[in-house]
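The file model09.csv contains CSV, C-alpha atoms:
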```csv
chain,number,residue,atom,x,y,z
D,1,MET,CA,9.0,39.8,1.3
D,2,SER,CA,6.8,39.7,-1.7
D,3,LEU,CA,6.1,42.1,-4.6
D,4,LYS,CA,2.8,44.0,-4.8
D,5,ARG,CA,0.4,42.1,-7.1
D,6,LEU,CA,-1.0,44.0,-10.0
D,7,GLU,CA,-4.3,43.3,-11.8
D,8,SER,CA,-4.1,42.3,-15.4
D,9,PRO,CA,-3.9,45.4,-17.6
D,10,ASP,CA,-6.9,46.1,-19.8
D,11,ALA,CA,-6.7,45.4,-23.5
D,12,ALA,CA,-5.7,48.9,-24.6
D,13,ILE,CA,-2.9,49.2,-22.1
D,14,GLU,CA,-1.8,45.7,-22.9
D,15,SER,CA,-1.7,46.5,-26.6
D,16,ALA,CA,0.3,49.7,-26.0
D,17,LEU,CA,2.7,47.8,-23.8
D,18,LEU,CA,3.1,45.1,-26.5
D,19,ASP,CA,3.9,47.8,-29.2
D,20,ARG,CA,6.6,49.3,-26.9
D,21,TRP,CA,7.9,45.9,-26.2
D,22,ARG,CA,8.2,45.1,-29.9
D,23,LYS,CA,10.2,48.3,-30.2
D,24,GLN,CA,12.7,46.9,-27.7
D,25,ASP,CA,11.5,49.0,-24.8
D,26,PRO,CA,12.6,47.0,-21.7
D,27,GLU,CA,10.3,49.0,-19.4
D,28,ALA,CA,7.2,47.8,-21.2
D,29,PHE,CA,8.2,44.1,-20.8
D,30,ALA,CA,9.0,44.8,-17.1
D,31,LYS,CA,5.4,46.1,-16.7
D,32,LEU,CA,3.9,43.0,-18.3
D,33,ILE,CA,6.0,40.8,-16.0
D,34,ASP,CA,4.7,42.8,-13.1
D,35,ALA,CA,1.2,42.3,-14.2
D,36,TYR,CA,1.4,38.5,-14.7
D,37,GLN,CA,4.2,37.1,-12.7
D,38,ASN,CA,2.2,36.2,-9.6
D,39,ARG,CA,-0.7,34.7,-11.6
D,40,VAL,CA,1.6,32.6,-13.7
D,41,PHE,CA,3.6,31.6,-10.7
D,42,GLY,CA,0.4,30.7,-8.8
D,43,PHE,CA,-0.6,28.4,-11.7
D,44,VAL,CA,2.8,26.8,-12.2
D,45,ARG,CA,3.3,26.3,-8.5
D,46,LYS,CA,0.2,24.1,-8.4
D,47,MET,CA,1.3,22.3,-11.6
D,48,VAL,CA,4.9,21.7,-10.4
D,49,PRO,CA,5.2,20.3,-6.8
D,50,ASP,CA,8.8,21.6,-6.2
D,51,ALA,CA,8.9,25.3,-5.4
D,52,GLU,CA,12.3,26.0,-6.9
D,53,GLU,CA,11.4,24.1,-10.1
D,54,ALA,CA,8.2,26.1,-10.3
D,55,ALA,CA,10.2,29.3,-10.0
D,56,ASP,CA,12.5,28.2,-12.7
D,57,VAL,CA,9.6,27.3,-15.0
D,58,VAL,CA,8.1,30.8,-14.5
D,59,GLN,CA,11.4,32.5,-15.3
D,60,ASP,CA,11.7,30.3,-18.4
D,61,THR,CA,8.1,31.3,-19.3
D,62,PHE,CA,9.0,35.0,-19.4
D,63,ILE,CA,12.3,34.4,-21.2
D,64,ARG,CA,10.5,32.3,-23.9
D,65,ALA,CA,8.0,35.1,-24.2
D,66,TYR,CA,10.8,37.7,-24.5
D,67,GLN,CA,12.4,35.6,-27.3
D,68,ALA,CA,9.2,34.9,-29.1
D,69,ILE,CA,7.6,38.4,-29.1
D,70,HIS,CA,8.0,38.6,-32.9
D,71,ARG,CA,5.9,35.4,-33.3
D,72,PHE,CA,3.1,36.7,-31.1
D,73,ASP,CA,0.3,37.7,-33.5
D,74,GLY,CA,-2.0,39.2,-31.0
D,75,ARG,CA,-4.9,37.0,-31.8
D,76,SER,CA,-5.1,35.9,-28.2
D,77,SER,CA,-4.5,38.0,-25.1
D,78,VAL,CA,-1.1,38.2,-23.5
D,79,ARG,CA,-2.5,36.3,-20.5
D,80,THR,CA,-3.6,33.4,-22.7
D,81,TRP,CA,-0.2,33.4,-24.5
D,82,LEU,CA,1.8,33.4,-21.3
D,83,PHE,CA,-0.3,30.7,-19.7
D,84,ARG,CA,0.1,28.6,-22.8
D,85,ILE,CA,3.9,28.9,-22.7
D,86,ALA,CA,3.8,28.1,-19.0
D,87,TYR,CA,1.6,25.1,-19.4
D,88,ASN,CA,3.7,23.7,-22.2
D,89,LEU,CA,6.8,24.1,-20.1
D,90,CYS,CA,5.1,22.3,-17.2
D,91,VAL,CA,4.1,19.5,-19.6
D,92,ASP,CA,7.7,19.3,-20.9
D,93,ARG,CA,9.1,19.2,-17.4
D,94,SER,CA,6.6,16.5,-16.4
D,95,ARG,CA,7.5,14.3,-19.4
D,96,LYS,CA,11.1,14.5,-18.3
D,97,VAL,CA,10.4,13.7,-14.7
D,98,ASP,CA,7.4,11.5,-15.4
D,99,ARG,CA,6.0,11.4,-11.9
D,100,SER,CA,2.6,13.0,-12.5
D,101,PRO,CA,-0.3,11.3,-10.8
D,102,THR,CA,-2.3,8.8,-12.9
D,103,GLU,CA,-5.1,10.4,-14.8
D,104,LEU,CA,-8.6,9.9,-13.6
D,105,ARG,CA,-10.2,7.8,-16.3
D,106,ILE,CA,-13.8,8.1,-17.5
D,107,ASP,CA,-14.8,4.6,-16.7
D,108,ALA,CA,-18.3,3.4,-17.5
D,109,SER,CA,-18.1,0.8,-14.6
D,110,SER,CA,-18.0,3.6,-12.1
D,111,GLU,CA,-21.1,5.3,-13.5
D,112,GLU,CA,-23.1,3.5,-10.9
D,113,ASN,CA,-21.2,5.2,-8.1
D,114,GLU,CA,-22.7,8.2,-6.5
D,115,VAL,CA,-19.6,10.3,-6.7
D,116,PHE,CA,-21.1,12.6,-9.3
D,117,ASP,CA,-24.2,13.5,-7.3
D,118,ILE,CA,-23.6,14.3,-3.7
D,119,PRO,CA,-26.9,15.4,-2.3
D,120,ASP,CA,-25.7,17.2,0.7
D,121,THR,CA,-27.1,20.5,1.9
D,122,ARG,CA,-23.6,21.4,3.4
D,123,TRP,CA,-22.3,21.9,-0.1
D,124,ASN,CA,-23.2,25.5,0.0
D,125,PRO,CA,-21.0,27.6,-2.3
D,126,GLU,CA,-21.9,30.9,-0.7
D,127,GLY,CA,-20.7,29.6,2.7
D,128,VAL,CA,-17.3,28.5,1.7
D,129,ILE,CA,-14.8,29.6,4.3
D,130,LEU,CA,-11.4,28.3,3.5
D,131,ASP,CA,-9.9,27.6,6.9
D,132,GLU,CA,-6.5,26.0,7.2
D,133,GLU,CA,-7.9,22.5,7.3
D,134,LEU,CA,-10.0,22.9,4.3
D,135,MET,CA,-7.3,24.7,2.4
D,136,THR,CA,-4.9,21.8,3.1
D,137,LEU,CA,-7.5,19.4,1.9
D,138,VAL,CA,-8.1,21.3,-1.3
D,139,GLU,CA,-4.4,21.6,-2.0
D,140,ALA,CA,-3.9,17.9,-1.4
D,141,GLY,CA,-6.9,17.1,-3.7
D,142,ILE,CA,-5.5,19.3,-6.4
D,143,ALA,CA,-2.1,17.8,-6.1
D,144,SER,CA,-3.5,14.3,-6.3
D,145,MET,CA,-5.3,14.7,-9.6
D,146,SER,CA,-3.7,14.3,-13.0
D,147,GLU,CA,-2.1,17.3,-14.7
D,148,LYS,CA,-4.8,17.3,-17.3
D,149,LEU,CA,-7.6,17.8,-14.8
D,150,ARG,CA,-5.6,20.1,-12.6
D,151,SER,CA,-4.7,22.5,-15.4
D,152,VAL,CA,-8.4,22.9,-16.4
D,153,LEU,CA,-9.5,23.3,-12.8
D,154,LEU,CA,-6.9,25.9,-12.0
D,155,LEU,CA,-7.4,27.9,-15.2
D,156,HIS,CA,-11.2,27.9,-14.8
D,157,ASP,CA,-11.8,28.2,-11.1
D,158,LYS,CA,-8.7,30.0,-10.0
D,159,GLU,CA,-7.8,32.1,-13.0
D,160,ASP,CA,-11.5,32.8,-14.1
D,161,MET,CA,-10.8,31.9,-17.7
D,162,SER,CA,-13.5,31.0,-20.1
D,163,TYR,CA,-13.9,27.6,-21.7
D,164,GLU,CA,-12.8,29.1,-25.0
D,165,GLU,CA,-9.7,30.6,-23.5
D,166,ILE,CA,-8.8,27.3,-21.8
D,167,ALA,CA,-9.4,25.4,-25.0
D,168,ASN,CA,-7.0,27.8,-26.7
D,169,ILE,CA,-4.3,27.3,-24.1
D,170,LEU,CA,-4.5,23.6,-23.8
D,171,ALA,CA,-5.3,23.0,-27.5
D,172,LEU,CA,-8.5,21.0,-26.7
D,173,PRO,CA,-12.1,21.1,-27.8
D,174,ILE,CA,-14.4,23.0,-25.5
D,175,GLY,CA,-16.3,19.8,-24.7
D,176,THR,CA,-13.2,18.2,-23.4
D,177,VAL,CA,-12.5,21.2,-21.2
D,178,LYS,CA,-16.0,21.0,-19.7
D,179,SER,CA,-15.8,17.3,-19.0
D,180,ARG,CA,-12.3,17.6,-17.4
D,181,LEU,CA,-13.5,20.4,-15.3
D,182,PHE,CA,-16.5,18.3,-14.1
D,183,LEU,CA,-14.2,15.4,-13.3
D,184,ALA,CA,-11.7,17.6,-11.5
D,185,ARG,CA,-14.3,19.1,-9.3
D,186,THR,CA,-15.9,15.7,-8.6
D,187,HIS,CA,-12.5,14.4,-7.6
D,188,LEU,CA,-12.2,17.3,-5.2
D,189,GLN,CA,-15.7,16.7,-3.9
D,190,ASN,CA,-14.6,13.2,-3.0
D,191,VAL,CA,-11.5,14.4,-1.3
D,192,LEU,CA,-13.5,16.9,0.7
D,193,GLY,CA,-16.3,14.5,1.4
D,194,SER,CA,-15.0,13.4,4.8
D,195,TYR,CA,-14.5,17.0,5.8
D,196,MET,CA,-18.0,17.9,4.8
D,197,ARG,CA,-19.4,15.0,6.8
D,198,GLY,CA,-17.5,16.4,9.8
D,199,ASP,CA,-15.1,13.5,10.2
D,200,ALA,CA,-12.5,14.2,12.8
D,201,ASN,CA,-9.5,12.6,11.1
D,202,VAL,CA,-9.2,14.4,7.9
G,1,MET,CA,-23.3,11.1,-18.0
G,2,PHE,CA,-20.1,9.2,-18.9
G,3,SER,CA,-21.1,8.2,-22.4
G,4,PHE,CA,-22.0,11.8,-23.0
G,5,MET,CA,-18.7,13.1,-21.6
G,6,LYS,CA,-16.8,10.5,-23.8
G,7,LYS,CA,-18.7,11.8,-26.8
G,8,MET,CA,-17.8,15.4,-26.0
G,9,GLN,CA,-14.1,14.4,-25.5
G,10,ASN,CA,-14.2,12.6,-28.9
G,11,ARG,CA,-15.6,15.7,-30.5
G,12,GLU,CA,-18.7,13.8,-31.6
G,13,ILE,CA,-22.0,15.6,-32.2
G,14,VAL,CA,-23.9,15.6,-28.9
G,15,ASP,CA,-27.6,16.0,-28.1
G,16,PRO,CA,-28.0,19.8,-27.3
G,17,ILE,CA,-30.4,18.9,-24.5
G,18,LYS,CA,-27.9,16.7,-22.9
G,19,GLU,CA,-25.2,19.4,-23.3
G,20,ALA,CA,-27.5,21.9,-21.6
G,21,ASN,CA,-28.0,19.4,-18.8
G,22,PHE,CA,-24.3,18.9,-18.5
G,23,ASP,CA,-23.8,22.7,-18.2
G,24,LEU,CA,-26.4,22.6,-15.4
G,25,ALA,CA,-24.5,19.8,-13.7
G,26,LEU,CA,-21.4,22.0,-13.8
G,27,ASN,CA,-23.4,24.7,-11.9
G,28,GLU,CA,-24.7,22.3,-9.2
G,29,LYS,CA,-24.0,23.2,-5.6
G,30,GLY,CA,-21.3,20.6,-5.1
G,31,GLN,CA,-19.4,21.7,-8.2
G,32,GLN,CA,-19.8,25.4,-7.3
G,33,PHE,CA,-18.6,24.7,-3.7
G,34,VAL,CA,-15.4,23.2,-5.0
G,35,ALA,CA,-15.0,26.1,-7.5
G,36,GLN,CA,-15.3,28.6,-4.6
G,37,ALA,CA,-12.9,26.7,-2.5
G,38,VAL,CA,-10.3,26.7,-5.3
G,39,LYS,CA,-10.8,30.4,-5.9
G,40,GLN,CA,-10.0,31.1,-2.3
G,41,ILE,CA,-6.6,29.3,-2.3
G,42,PRO,CA,-4.1,32.1,-1.5
G,43,VAL,CA,-1.7,33.0,-4.2
G,44,GLU,CA,2.0,32.8,-3.5
G,45,ASP,CA,3.8,35.9,-4.6
G,46,VAL,CA,7.2,35.7,-6.2
G,47,SER,CA,10.1,37.1,-4.2
G,48,LEU,CA,12.3,40.1,-5.0
G,49,ALA,CA,15.2,37.7,-5.3
G,50,TRP,CA,13.3,35.8,-8.0
G,51,ARG,CA,12.6,38.9,-9.9
G,52,SER,CA,16.1,40.2,-9.8
G,53,GLN,CA,17.3,36.8,-11.0
G,54,LEU,CA,14.8,37.0,-13.9
G,55,ASN,CA,16.0,40.6,-14.7
G,56,GLU,CA,19.6,39.3,-14.9
G,57,LYS,CA,18.5,36.5,-17.3
G,58,LEU,CA,16.6,38.9,-19.4
G,59,LEU,CA,19.6,41.3,-19.6
G,60,GLN,CA,21.8,38.4,-20.7
G,61,GLU,CA,19.1,37.5,-23.3
G,62,SER,CA,18.9,41.0,-24.6
G,63,ALA,CA,22.8,41.2,-24.8
G,64,LYS,CA,22.7,37.9,-26.8
G,65,VAL,CA,20.1,39.4,-29.2
G,66,SER,CA,22.1,42.7,-29.7
G,67,SER,CA,25.4,40.8,-30.2
G,68,THR,CA,23.7,38.6,-32.8
G,69,ARG,CA,22.4,41.8,-34.5
G,70,LYS,CA,25.9,43.3,-34.4
G,71,ARG,CA,27.3,40.2,-36.0
G,72,ILE,CA,24.7,40.2,-38.7
G,73,ASN,CA,25.4,43.9,-39.4
G,74,PHE,CA,29.1,43.2,-39.5
G,75,VAL,CA,28.6,40.6,-42.2
G,76,TRP,CA,25.7,42.1,-44.1
G,77,ARG,CA,26.6,45.8,-44.3
G,78,PRO,CA,29.8,45.3,-46.3
G,79,MET,CA,28.1,42.7,-48.4
G,80,ALA,CA,25.3,45.1,-49.1
G,81,GLY,CA,27.8,47.9,-50.0
G,82,VAL,CA,29.6,45.6,-52.4
G,83,ALA,CA,26.3,44.6,-54.0
G,84,VAL,CA,25.2,48.2,-54.5
G,85,GLY,CA,28.6,49.1,-55.9
G,86,ALA,CA,28.4,46.2,-58.4
G,87,ALA,CA,25.0,47.1,-59.5
G,88,LEU,CA,26.0,50.7,-60.1
G,89,ALA,CA,29.1,49.6,-62.1
G,90,PHE,CA,26.9,47.4,-64.2
G,91,ALA,CA,24.4,50.2,-64.9
G,92,LEU,CA,27.0,52.8,-65.8
G,93,ILE,CA,29.9,50.9,-67.5
G,94,VAL,CA,28.5,47.9,-69.3
G,95,PRO,CA,26.0,49.7,-71.6
G,96,ARG,CA,28.8,52.1,-72.8
G,97,ASN,CA,31.0,49.3,-74.0
G,98,ASP,CA,28.7,47.7,-76.5
G,99,GLY,CA,26.7,50.9,-77.3
G,100,VAL,CA,29.4,52.7,-79.3
G,101,GLY,CA,28.9,52.7,-83.1
G,102,SER,CA,25.7,50.8,-83.3
G,103,ILE,CA,22.1,51.7,-83.2
G,104,GLN,CA,20.1,49.2,-81.3
G,105,SER,CA,17.0,51.1,-80.4
G,106,TYR,CA,14.0,51.9,-82.4
G,107,SER,CA,14.5,55.6,-82.3
G,108,VAL,CA,14.0,58.2,-85.0
G,109,GLU,CA,17.7,58.1,-85.7
G,110,ALA,CA,17.6,54.3,-86.1
G,111,SER,CA,14.8,54.4,-88.6
G,112,LEU,CA,16.4,57.2,-90.6
G,113,MET,CA,19.6,55.2,-90.6
G,114,GLN,CA,17.8,52.1,-91.8
G,115,ALA,CA,16.0,54.1,-94.6
G,116,HIS,CA,19.3,55.5,-95.7
G,117,ILE,CA,21.0,52.0,-95.8
G,118,SER,CA,18.2,50.5,-97.9
G,119,ALA,CA,18.1,53.4,-100.3
G,120,ASP,CA,21.8,53.2,-100.7
G,121,ARG,CA,21.6,49.4,-101.4
G,122,SER,CA,18.9,49.8,-104.0
G,123,HIS,CA,20.8,52.6,-105.6
G,124,GLU,CA,23.8,50.2,-106.0
G,125,LEU,CA,21.6,47.5,-107.5
G,126,ILE,CA,19.7,49.7,-109.9
G,127,GLY,CA,22.5,52.0,-110.9
G,128,SER,CA,22.4,55.8,-111.3
G,129,ALA,CA,20.1,56.0,-114.4
G,130,ILE,CA,17.7,58.9,-113.9
G,131,VAL,CA,14.7,57.1,-115.4
G,132,SER,CA,15.0,54.2,-113.2
G,133,ALA,CA,15.6,56.5,-110.2
G,134,ASP,CA,12.5,58.5,-111.0
G,135,ASN,CA,10.5,55.4,-111.6
G,136,GLN,CA,11.6,54.0,-108.3
G,137,SER,CA,10.7,57.1,-106.4
G,138,ASN,CA,7.0,57.3,-107.7
G,139,GLY,CA,6.4,53.7,-108.3
G,140,PHE,CA,5.8,54.3,-112.1
G,141,VAL,CA,6.9,51.4,-114.5
G,142,MET,CA,7.7,52.4,-118.1
G,143,PRO,CA,5.6,50.4,-120.6
G,144,ALA,CA,7.7,48.3,-122.9
G,145,ASN,CA,6.1,49.6,-126.0
G,146,TYR,CA,6.5,53.3,-125.1
G,147,GLU,CA,7.6,55.4,-128.0
G,148,TRP,CA,10.2,57.9,-127.0
G,149,GLN,CA,9.8,61.4,-128.3
G,150,GLU,CA,12.1,64.3,-128.7
G,151,THR,CA,10.7,66.2,-125.7
G,152,ASP,CA,11.7,63.2,-123.6
G,153,LEU,CA,15.2,63.4,-125.0
G,154,GLY,CA,15.3,67.2,-124.3
G,155,ALA,CA,14.6,66.5,-120.7
G,156,LEU,CA,17.9,64.8,-120.5
```

Entire entry expressed as structure tokens:
Amino acid sequence: MSLKRLESPDAAIESALLDRWRKQDPEAFAKLIDAYQNRVFGFVRKMVPDAEEAADVVQDTFIRAYQAIHRFDGRSSVRTWLFRIAYNLCVDRSRKVDRSPTELRIDASSEENEVFDIPDTRWNPEGVILDEELMTLVEAGIASMSEKLRSVLLLHDKEDMSYEEIANILALPIGTVKSRLFLARTHLQNVLGSYMRGDANV
Amino acid sequence: MFSFMKKMQNREIVDPIKEANFDLALNEKGQQFVAQAVKQIPVEDVSLAWRSQLNEKLLQESAKVSSTRKRINFVWRPMAGVAVGAALAFALIVPRNDGVGSIQSYSVEASLMQAHISADRSHELIGSAIVSADNQSNGFVMPANYEWQETDLGAL
């Protein structure tokens, strides 16, 4: 059984909840958890392969946020702040485990490859229907890329965050965010290539 | 494309036209197809068990915070009381001890007292002669060749 998902609260409500939270109102913090728990979990679940570990990371995210409320200056949104905590915890965990996939390198020798330009009329974004097969492929593709690419892809394409917001969360320049997004999507295009060509064994 | 991306990653200044082309490349059909596919991945919701576990952890955390506050209050409140008491004692008692019998301020009383002391001292030095006392009071100095007359003597 799952909890009902809430949309992110707007800025005014979020600010009011933060004020109440700072005054030790536990109900305000509970409402913020309600608003963000599934989104943070969705992100962390893709960053951490093990479901139980992911659940622990998300709990740690909210506990850290609870402990650090007095250090939150409000310059960024609560969403950005929570995702930054979550991302840092994922990175810490990954450093301990050290089993993340090798990062895709920007290699000049592969510039001649055609992976960055797939002229195929079947790549029609309006017609994307994520059936079970395609979903499995997409998830496998996401899992097979490095954390650096995966985080940017998920934050931009899944969480609808702007380049600036992502740059803030990951402490990166915007140019790096864009190039990582491009590489991540290209990697997925390669993974989905066989599916798009209509191969049977994908 | 790669050299451009490397430049962007290294925070180097890039050609704005190339940057615009790169933004267009991010909006190409293939890239947007993948973006749409990622968007459609279903989100896993957290379970009620997970949430109640989180609530328990947060309760423990809140108890930790309040016990720390109590400990701080237990130490700091008596210390603050002692500090306030000491400050009051200093303000009320210490000035009384060295303030008795001496005039330290520049009040009217102090200047009167000072004038009296200096007049008293000069009186001792000069003696009680009337002439000298009169001379001192108006600043008049008797010339050495002054001839005394009987009227002067009558004034005595």

For this session: Would you list the residues near (-9.8, 35.5, -4.4) (no more than 12 Å away, in the coordinates of the file, using all atoms listed in the file) as a list in words?
Result: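 The distance filter leaves exactly Arg39, Val128, Ile129, Leu130, Asp157, Lys158, Glu159 and Asp160 of chain D; Ala35, Gln36, Ala37, Val38, Lys39, Gln40, Ile41, Pro42 and Val43 of chain G.
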
For this session: Counting only C-alpha atoms, figure out which residue out of D:Leu155, D:Ile69, D:Val40, D:Val91 gets nearest to Leu17 in chain D.
Result: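 Of D:Leu155, D:Ile69, D:Val40, D:Val91, the one nearest Leu17 in chain D is D:Ile69, counting only C-alpha atoms.
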
Exercise. Mind listing as a list in words which residues of chain G are within 7 Å of chain D, counting only C-alpha atoms?
Worked result: Phe2, Met5, Met8, Gln9, Arg11, Leu26, Lys29, Gly30, Gln31, Gln32, Phe33, Val34, Ala35, Gln36, Ala37, Val38, Lys39, Gln40, Ile41, Val43, Glu44, Asp45, Val46, Ser47, Leu48, Leu54 and Leu58 of chain G

Exercise. Mind pulling up the distance from CA of Ala171 in chain D to CA of Ile13 in chain G?
Worked result: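 Spanning CA of Ile13 in chain G to CA of Ala171 in chain D is a straight-line distance of 18.9 Å.
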
Problem set entry | Near-Cys90 in chain D list (12 Å; all atoms listed in the file; drop same-chain fewer than 4 positions) as a VMD selection string | chain D and resid 40 to 41 43 to 50 53 to 58 60 to 61 83 to 86 94 to 98 100 147 to 148 150 to 151 170
